[in-house]
Amino acid sequence: MSLTRKFIIRLKGGVIKDEDALEVSQSVSGQQNAGPSRSEEETRKCLERYIDLLQKDLCVTASYARHISALKALNLLVVSGLDPRADVPPAKSEVQTHWKSHFEVFSTSLLRLLVDLLLDPFEEVRHTALSIINLFPGDILFGASSNTANQQVAIGMRLTDALSRAENTASKTSRADHADTVARLYHILFCAALSENSPHASSDWWSTKFSVVDMIITNLEERLSSPKGLFNSTMREVPLHGYISGLRYIILMPHFHSLISSEKSSDSWKSIHSRIVNICDRVWQEVKPVLCIDSPEGHTDDPIEDLSVGPKDILSYSWRALRESSLLLNATMANVTYGPDGVDGLALADFEKVGQTSFTQLAELRHRGAFSTVSNTFATCCSRCSKTSEPSIQELPRKWYQQAKKTIFESASKLTRRSAGIPALITGVLCAAPGTPFFREALNELHDISRLPVEYNKEKQYLELPQVHAMNCLKDIFINNKLGPHTERFVMPALTLSAERLASPIWALRNSGLMLFRALLTRMCRAMPNTGGGFGGDSGSEPGSQISFPKYPGLLELLSSLLTTSEGSAAEGTEIITERIFPALELIGEKIPTLADSNDTTLCDLVSEHFKSPVWGIREHAARVYASLLSRTNILTDILGLVNRLRGPVTENYVHGTVLSVRFSLRRYAATTDVYWTCESIKMNTTTIKQY
């Protein structure tokens with residue numbers, strides 16, 4: 001592409017008109033060594049052959065490499081201004097260079113090739129072909145081509161015919177890339193259509209921007225109003241996902257309301273918005289029975305009549321429909337210029353409708369893949385509400401927070417590993433008001449819910465545990481990048497909370513406590529140069545060097561409580577002890593080494609107690625952590641101290657843990673290349689080592 005760009009620049013500078021060539025030849029006729037001048041005809045023939053070559057590489061049977069290289073080269077030609085019908089601003093490097101003669105690049109044959117590539121399976125090919133089609137003049141897109149003698153060919157290649165062909169293909173295959181092609185074609189039609197007030201508008205549905213949007217919405221309304229429901233024998237007869245996605249592309253355009261409304265009234269935009277919201281509601285009602293059960297993949301084992309569609313197909317179709325409808329609602333909130341300003345724009349009822357729809361979906365959905373899309377829509381709505389100047393709209397996120405807190409208790413007996421969409425509700429509301437008193441109040445309330453006492457009963461099969469949902473909400477808050485700088489003061493209370501839950505006899509509380517602990521570990525780690533998380537280096541026992549212990553008061557006492565096992569702790573069970581010790585050892589392994597730190601001695605004593613653990617994994621992990629805590633200046637002395645402990649009565653497990661720690665410590669020492677440490681080892685009393 002770099003060579004192609006240079007080639008185009010050379011062609012632009014090399015084209016000389018006939019009269020210019022005559023003047024140049026007369027001026028240099030009496031001079032020797034005059035350079036040859038290329039004629040315009042020669043360069044024109046070169047361009048014709050080059051464009052013909054590019055069009056041959058655009059045929060559907062060519063490879064991906066030929067497709068994408070030809071498309072990019074063709075885009076460079078169009079952007080360079082070779083065809084004056086392309087309204088493209090010149091680049092800064094090309095302002096001083098102009099084509100002395102122009103060439104018609106756009107044609108119906110080229111449009112046919114590009115439309116075929118809109119069904120290509122590669123996203124990059126579809127996107128590049130679409131960007132070039134968007135530069136086509138309207139007379140070619142709509143069939144009134146002036147550069148071809150055969151008007152029937154031009155009419156047959158209208159963009160609307162290409163759209164019909166794409167809709168037919170998308171209906172037969174139900175593929176996402178084919179549906180995306182339909183959406184992008186509608187977007188092109190909208191961009192090429194005239195405004196509502198244009199005197200040249202015709203009665204065709206593609207002539208004005210409002211009629212294009214109205215056509216898409218009408219198709220959706222007819223499809224969703226079928227009495228048979230969304231899942232019937234005609235499920236694939238209409239590219240539902242393509243229509244919704246195309247509508248999303250269109251409403252994301254700047255100043256959408258002014259594009260479809262007349263100068264005198266904004267009723268057109270209001271009706272369009274109302275119909276969009278109704279369509280999204282209808283999609284939700286159709287997919288709700290499939291996506292809101294605990295096992296959506298087992299919704300039905302019977303194929304639909306007259307169509308071999310199994311439960312997996314229904315699940316995929318439902319999830320994609322909900323995803324596209326949620327993205328459509330997200331577009332109405334993300335595009336600030338979607339509606340007019342003032343009383344004619346989005347009102348309180350509009351924000352409340354979009355937010356409540358997303359809230360209900362997050363509270364009731366059970367399909368994991370749908371959470372991310374719907375949560376983005378809800379977060380965007382909350383953020384948009386917080387930025388408005390209307391007090392009633394600004395209060396909506398707090399209202400939704402109270403509903404989310406109520407949902408935590410109502411769903412206390414419906415436990416999942418990640419609490420379904422409840423954390424997304426809390427996080428979406430708090431992202432709209434980070435660092436405010438409301439934010440701090442919400443985190444304190446979540447802490448209080450997480451600390452509620454639980455009466456453990458082995459005979460009771462289902463327990464109501466709102467604590468699980470609250471801790472999962474805290475986990476998502478701490479790992480959110482936007483909320484990270486505002487959660488610093490809550491790290492230690494949350495770490496203490498997670499440590500307490502790690503000792504719970506109820507597995508659900510231990511599991512949520514462990515996930516919160518790991519989220520906080522990630523939150524506490526800060527990037528250090530030339531270090532990574534966990535152990536590393538040539539020895540495999542280098543400290544992670546990411547967590548500064550003095551920054552978190554009370555952290556040492558917390559680790560001491562996790563690593564200290566009393567004589568009666570065996571009654572808790574080996575699994576509970578293991579789930580509590582491993583996270584503590586992992587956190588210690590990330591400690592930043594300091595020159596004079598008295599805490600290292602305390603930590604070494606706590607870690608060495610687990611050399612005698614009956615679990616091999618704990619012994620090995622404790623040995624690595626112990627080796628990472630040692631200072632290199634005293635590694636050999638510390639190793640002698642470890643070995644001397646074996647003189648007394650010890651268990652085999654303790655011997656094994658000690659030997660592992662000695663091995664990891666020697667690896668750390670051997671991995672150093674500093675001459676100072678080598679000199680220190682020579683000073684050691686080698687006779688003492690030999691005697692031992």
# chains A, B, ... in the order shown; residues from 1 in each chain; ligands from 1

$ residues_around --residues "Phe490 of chain A" --least-positions-apart "3" --cutoff "10 Å" --atoms "only C-alpha atoms" --output "PyMOL selection string"
chain A and resi 440+443-444+447+474+478+486-487+493-495

$ write_last_selection --atoms "all heavy atoms" --output "PDB file, in the first residue's frame"
ATOM      1  N   ARG A 440     -20.316   6.648  48.249  1.00  0.00           N
ATOM      2  CA  ARG A 440     -19.791   6.125  49.519  1.00  0.00           C
ATOM      3  C   ARG A 440     -20.901   5.473  50.346  1.00  0.00           C
ATOM      4  O   ARG A 440     -20.680   4.449  50.999  1.00  0.00           O
ATOM      5  CB  ARG A 440     -19.129   7.264  50.300  1.00  0.00           C
ATOM      6  CG  ARG A 440     -17.895   7.833  49.622  1.00  0.00           C
ATOM      7  CD  ARG A 440     -17.166   8.799  50.524  1.00  0.00           C
ATOM      8  NE  ARG A 440     -17.927  10.030  50.718  1.00  0.00           N
ATOM      9  CZ  ARG A 440     -17.819  11.097  49.932  1.00  0.00           C
ATOM     10  NH1 ARG A 440     -16.996  11.085  48.897  1.00  0.00           N
ATOM     11  NH2 ARG A 440     -18.509  12.196  50.187  1.00  0.00           N
ATOM     12  N   LEU A 443     -21.616   1.945  48.912  1.00  0.00           N
ATOM     13  CA  LEU A 443     -20.609   0.940  49.262  1.00  0.00           C
ATOM     14  C   LEU A 443     -20.728   0.526  50.723  1.00  0.00           C
ATOM     15  O   LEU A 443     -20.541  -0.661  51.060  1.00  0.00           O
ATOM     16  CB  LEU A 443     -19.199   1.473  48.973  1.00  0.00           C
ATOM     17  CG  LEU A 443     -18.571   0.925  47.683  1.00  0.00           C
ATOM     18  CD1 LEU A 443     -19.299   1.488  46.472  1.00  0.00           C
ATOM     19  CD2 LEU A 443     -17.090   1.223  47.607  1.00  0.00           C
ATOM     20  N   ASN A 444     -21.025   1.468  51.607  1.00  0.00           N
ATOM     21  CA  ASN A 444     -21.205   1.113  53.013  1.00  0.00           C
ATOM     22  C   ASN A 444     -22.411   0.190  53.197  1.00  0.00           C
ATOM     23  O   ASN A 444     -22.371  -0.756  54.007  1.00  0.00           O
ATOM     24  CB  ASN A 444     -21.377   2.376  53.851  1.00  0.00           C
ATOM     25  CG  ASN A 444     -20.086   3.175  53.964  1.00  0.00           C
ATOM     26  OD1 ASN A 444     -19.001   2.595  53.948  1.00  0.00           O
ATOM     27  ND2 ASN A 444     -20.201   4.489  54.060  1.00  0.00           N
ATOM     28  N   HIS A 447     -21.461  -3.277  52.121  1.00  0.00           N
ATOM     29  CA  HIS A 447     -20.665  -3.907  53.178  1.00  0.00           C
ATOM     30  C   HIS A 447     -21.561  -4.410  54.303  1.00  0.00           C
ATOM     31  O   HIS A 447     -21.343  -5.516  54.830  1.00  0.00           O
ATOM     32  CB  HIS A 447     -19.637  -2.910  53.725  1.00  0.00           C
ATOM     33  CG  HIS A 447     -18.373  -2.840  52.942  1.00  0.00           C
ATOM     34  ND1 HIS A 447     -17.349  -3.751  53.071  1.00  0.00           N
ATOM     35  CD2 HIS A 447     -17.972  -1.972  51.991  1.00  0.00           C
ATOM     36  CE1 HIS A 447     -16.371  -3.444  52.258  1.00  0.00           C
ATOM     37  NE2 HIS A 447     -16.717  -2.360  51.583  1.00  0.00           N
ATOM     38  N   LEU A 474     -19.689  -5.937  45.134  1.00  0.00           N
ATOM     39  CA  LEU A 474     -18.434  -5.300  45.538  1.00  0.00           C
ATOM     40  C   LEU A 474     -17.286  -5.726  44.633  1.00  0.00           C
ATOM     41  O   LEU A 474     -16.416  -4.918  44.272  1.00  0.00           O
ATOM     42  CB  LEU A 474     -18.120  -5.643  46.992  1.00  0.00           C
ATOM     43  CG  LEU A 474     -19.007  -5.000  48.058  1.00  0.00           C
ATOM     44  CD1 LEU A 474     -18.683  -5.577  49.432  1.00  0.00           C
ATOM     45  CD2 LEU A 474     -18.832  -3.491  48.066  1.00  0.00           C
ATOM     46  N   PHE A 478     -14.851  -3.110  42.431  1.00  0.00           N
ATOM     47  CA  PHE A 478     -13.405  -2.954  42.604  1.00  0.00           C
ATOM     48  C   PHE A 478     -12.632  -3.232  41.321  1.00  0.00           C
ATOM     49  O   PHE A 478     -11.531  -2.706  41.142  1.00  0.00           O
ATOM     50  CB  PHE A 478     -12.903  -3.868  43.723  1.00  0.00           C
ATOM     51  CG  PHE A 478     -13.183  -3.337  45.098  1.00  0.00           C
ATOM     52  CD1 PHE A 478     -14.152  -3.918  45.907  1.00  0.00           C
ATOM     53  CD2 PHE A 478     -12.493  -2.249  45.591  1.00  0.00           C
ATOM     54  CE1 PHE A 478     -14.423  -3.430  47.170  1.00  0.00           C
ATOM     55  CE2 PHE A 478     -12.758  -1.750  46.859  1.00  0.00           C
ATOM     56  CZ  PHE A 478     -13.720  -2.344  47.651  1.00  0.00           C
ATOM     57  N   HIS A 486     -11.719   5.696  43.047  1.00  0.00           N
ATOM     58  CA  HIS A 486     -12.623   6.142  44.126  1.00  0.00           C
ATOM     59  C   HIS A 486     -12.854   5.057  45.186  1.00  0.00           C
ATOM     60  O   HIS A 486     -13.618   5.289  46.125  1.00  0.00           O
ATOM     61  CB  HIS A 486     -13.970   6.557  43.538  1.00  0.00           C
ATOM     62  CG  HIS A 486     -13.865   7.571  42.434  1.00  0.00           C
ATOM     63  ND1 HIS A 486     -13.664   8.916  42.668  1.00  0.00           N
ATOM     64  CD2 HIS A 486     -13.917   7.424  41.080  1.00  0.00           C
ATOM     65  CE1 HIS A 486     -13.607   9.561  41.509  1.00  0.00           C
ATOM     66  NE2 HIS A 486     -13.763   8.685  40.536  1.00  0.00           N
ATOM     67  N   THR A 487     -12.223   3.906  45.037  1.00  0.00           N
ATOM     68  CA  THR A 487     -12.470   2.800  45.969  1.00  0.00           C
ATOM     69  C   THR A 487     -11.282   2.531  46.883  1.00  0.00           C
ATOM     70  O   THR A 487     -11.268   1.518  47.587  1.00  0.00           O
ATOM     71  CB  THR A 487     -12.791   1.523  45.178  1.00  0.00           C
ATOM     72  OG1 THR A 487     -11.718   1.231  44.270  1.00  0.00           O
ATOM     73  CG2 THR A 487     -14.071   1.700  44.375  1.00  0.00           C
ATOM     74  N   PRO A 493     -11.350  -2.613  54.308  1.00  0.00           N
ATOM     75  CA  PRO A 493     -12.588  -3.206  54.842  1.00  0.00           C
ATOM     76  C   PRO A 493     -13.105  -4.357  53.994  1.00  0.00           C
ATOM     77  O   PRO A 493     -13.584  -5.366  54.533  1.00  0.00           O
ATOM     78  CB  PRO A 493     -13.570  -2.019  54.856  1.00  0.00           C
ATOM     79  CG  PRO A 493     -12.711  -0.822  54.956  1.00  0.00           C
ATOM     80  CD  PRO A 493     -11.472  -1.143  54.180  1.00  0.00           C
ATOM     81  N   ALA A 494     -13.015  -4.227  52.687  1.00  0.00           N
ATOM     82  CA  ALA A 494     -13.471  -5.313  51.822  1.00  0.00           C
ATOM     83  C   ALA A 494     -12.553  -6.522  51.928  1.00  0.00           C
ATOM     84  O   ALA A 494     -13.015  -7.670  51.880  1.00  0.00           O
ATOM     85  CB  ALA A 494     -13.543  -4.824  50.375  1.00  0.00           C
ATOM     86  N   LEU A 495     -11.260  -6.290  52.088  1.00  0.00           N
ATOM     87  CA  LEU A 495     -10.328  -7.412  52.242  1.00  0.00           C
ATOM     88  C   LEU A 495     -10.594  -8.149  53.550  1.00  0.00           C
ATOM     89  O   LEU A 495     -10.532  -9.391  53.605  1.00  0.00           O
ATOM     90  CB  LEU A 495      -8.890  -6.887  52.201  1.00  0.00           C
ATOM     91  CG  LEU A 495      -7.796  -7.912  51.939  1.00  0.00           C
ATOM     92  CD1 LEU A 495      -7.945  -8.501  50.547  1.00  0.00           C
ATOM     93  CD2 LEU A 495      -6.421  -7.276  52.097  1.00  0.00           C
TER      94      LEU A 495
END

$ residues_around --residues "segment 653-665 of chain A" --least-positions-apart "2" --cutoff "6 Å" --atoms "only C-alpha atoms" --output "PyMOL selection string"
chain A and resi 611-612+619+623+627+651+667-668

$ atom_distance --atom1 "atom CA of Val287 of chain A" --atom2 "atom CA of Ile216 of chain A"
20.5 Å

$ closest_residue --among "A:Asp267, A:Glu609, A:Asp476, A:Glu488" --to "Leu585 of chain A" --atoms "only C-alpha atoms"
A:Glu609

$ residues_around --residues "Leu365 of chain A" --least-positions-apart "4" --cutoff "6 Å" --atoms "only C-alpha atoms" --output "list of chain:residue names"
A:Leu291, A:Cys292, A:Gln361

$ write_last_selection --atoms "C-alpha atoms" --output "PDB file, in the first residue's frame"
ATOM      1  CA  LEU A 291     -33.518 -16.450  28.021  1.00  0.00           C
ATOM      2  CA  CYS A 292     -35.022 -16.107  31.513  1.00  0.00           C
ATOM      3  CA  GLN A 361     -33.687  -7.467  31.630  1.00  0.00           C
TER       4      GLN A 361
END

$ closest_residue --among "A:Leu587, A:Thr416, A:Leu630, A:Thr357" --to "Asp600 of chain A" --atoms "only C-alpha atoms"
A:Leu630

$ closest_residue --among "A:Tyr243, A:Phe359, A:Trp616, A:Tyr626" --to "Thr602 of chain A" --atoms "only C-alpha atoms"
A:Tyr626

$ closest_residue --among "A:Glu124, A:Glu42, A:Tyr50, A:Pro397" --to "His67 of chain A" --atoms "only C-alpha atoms"
A:Glu124
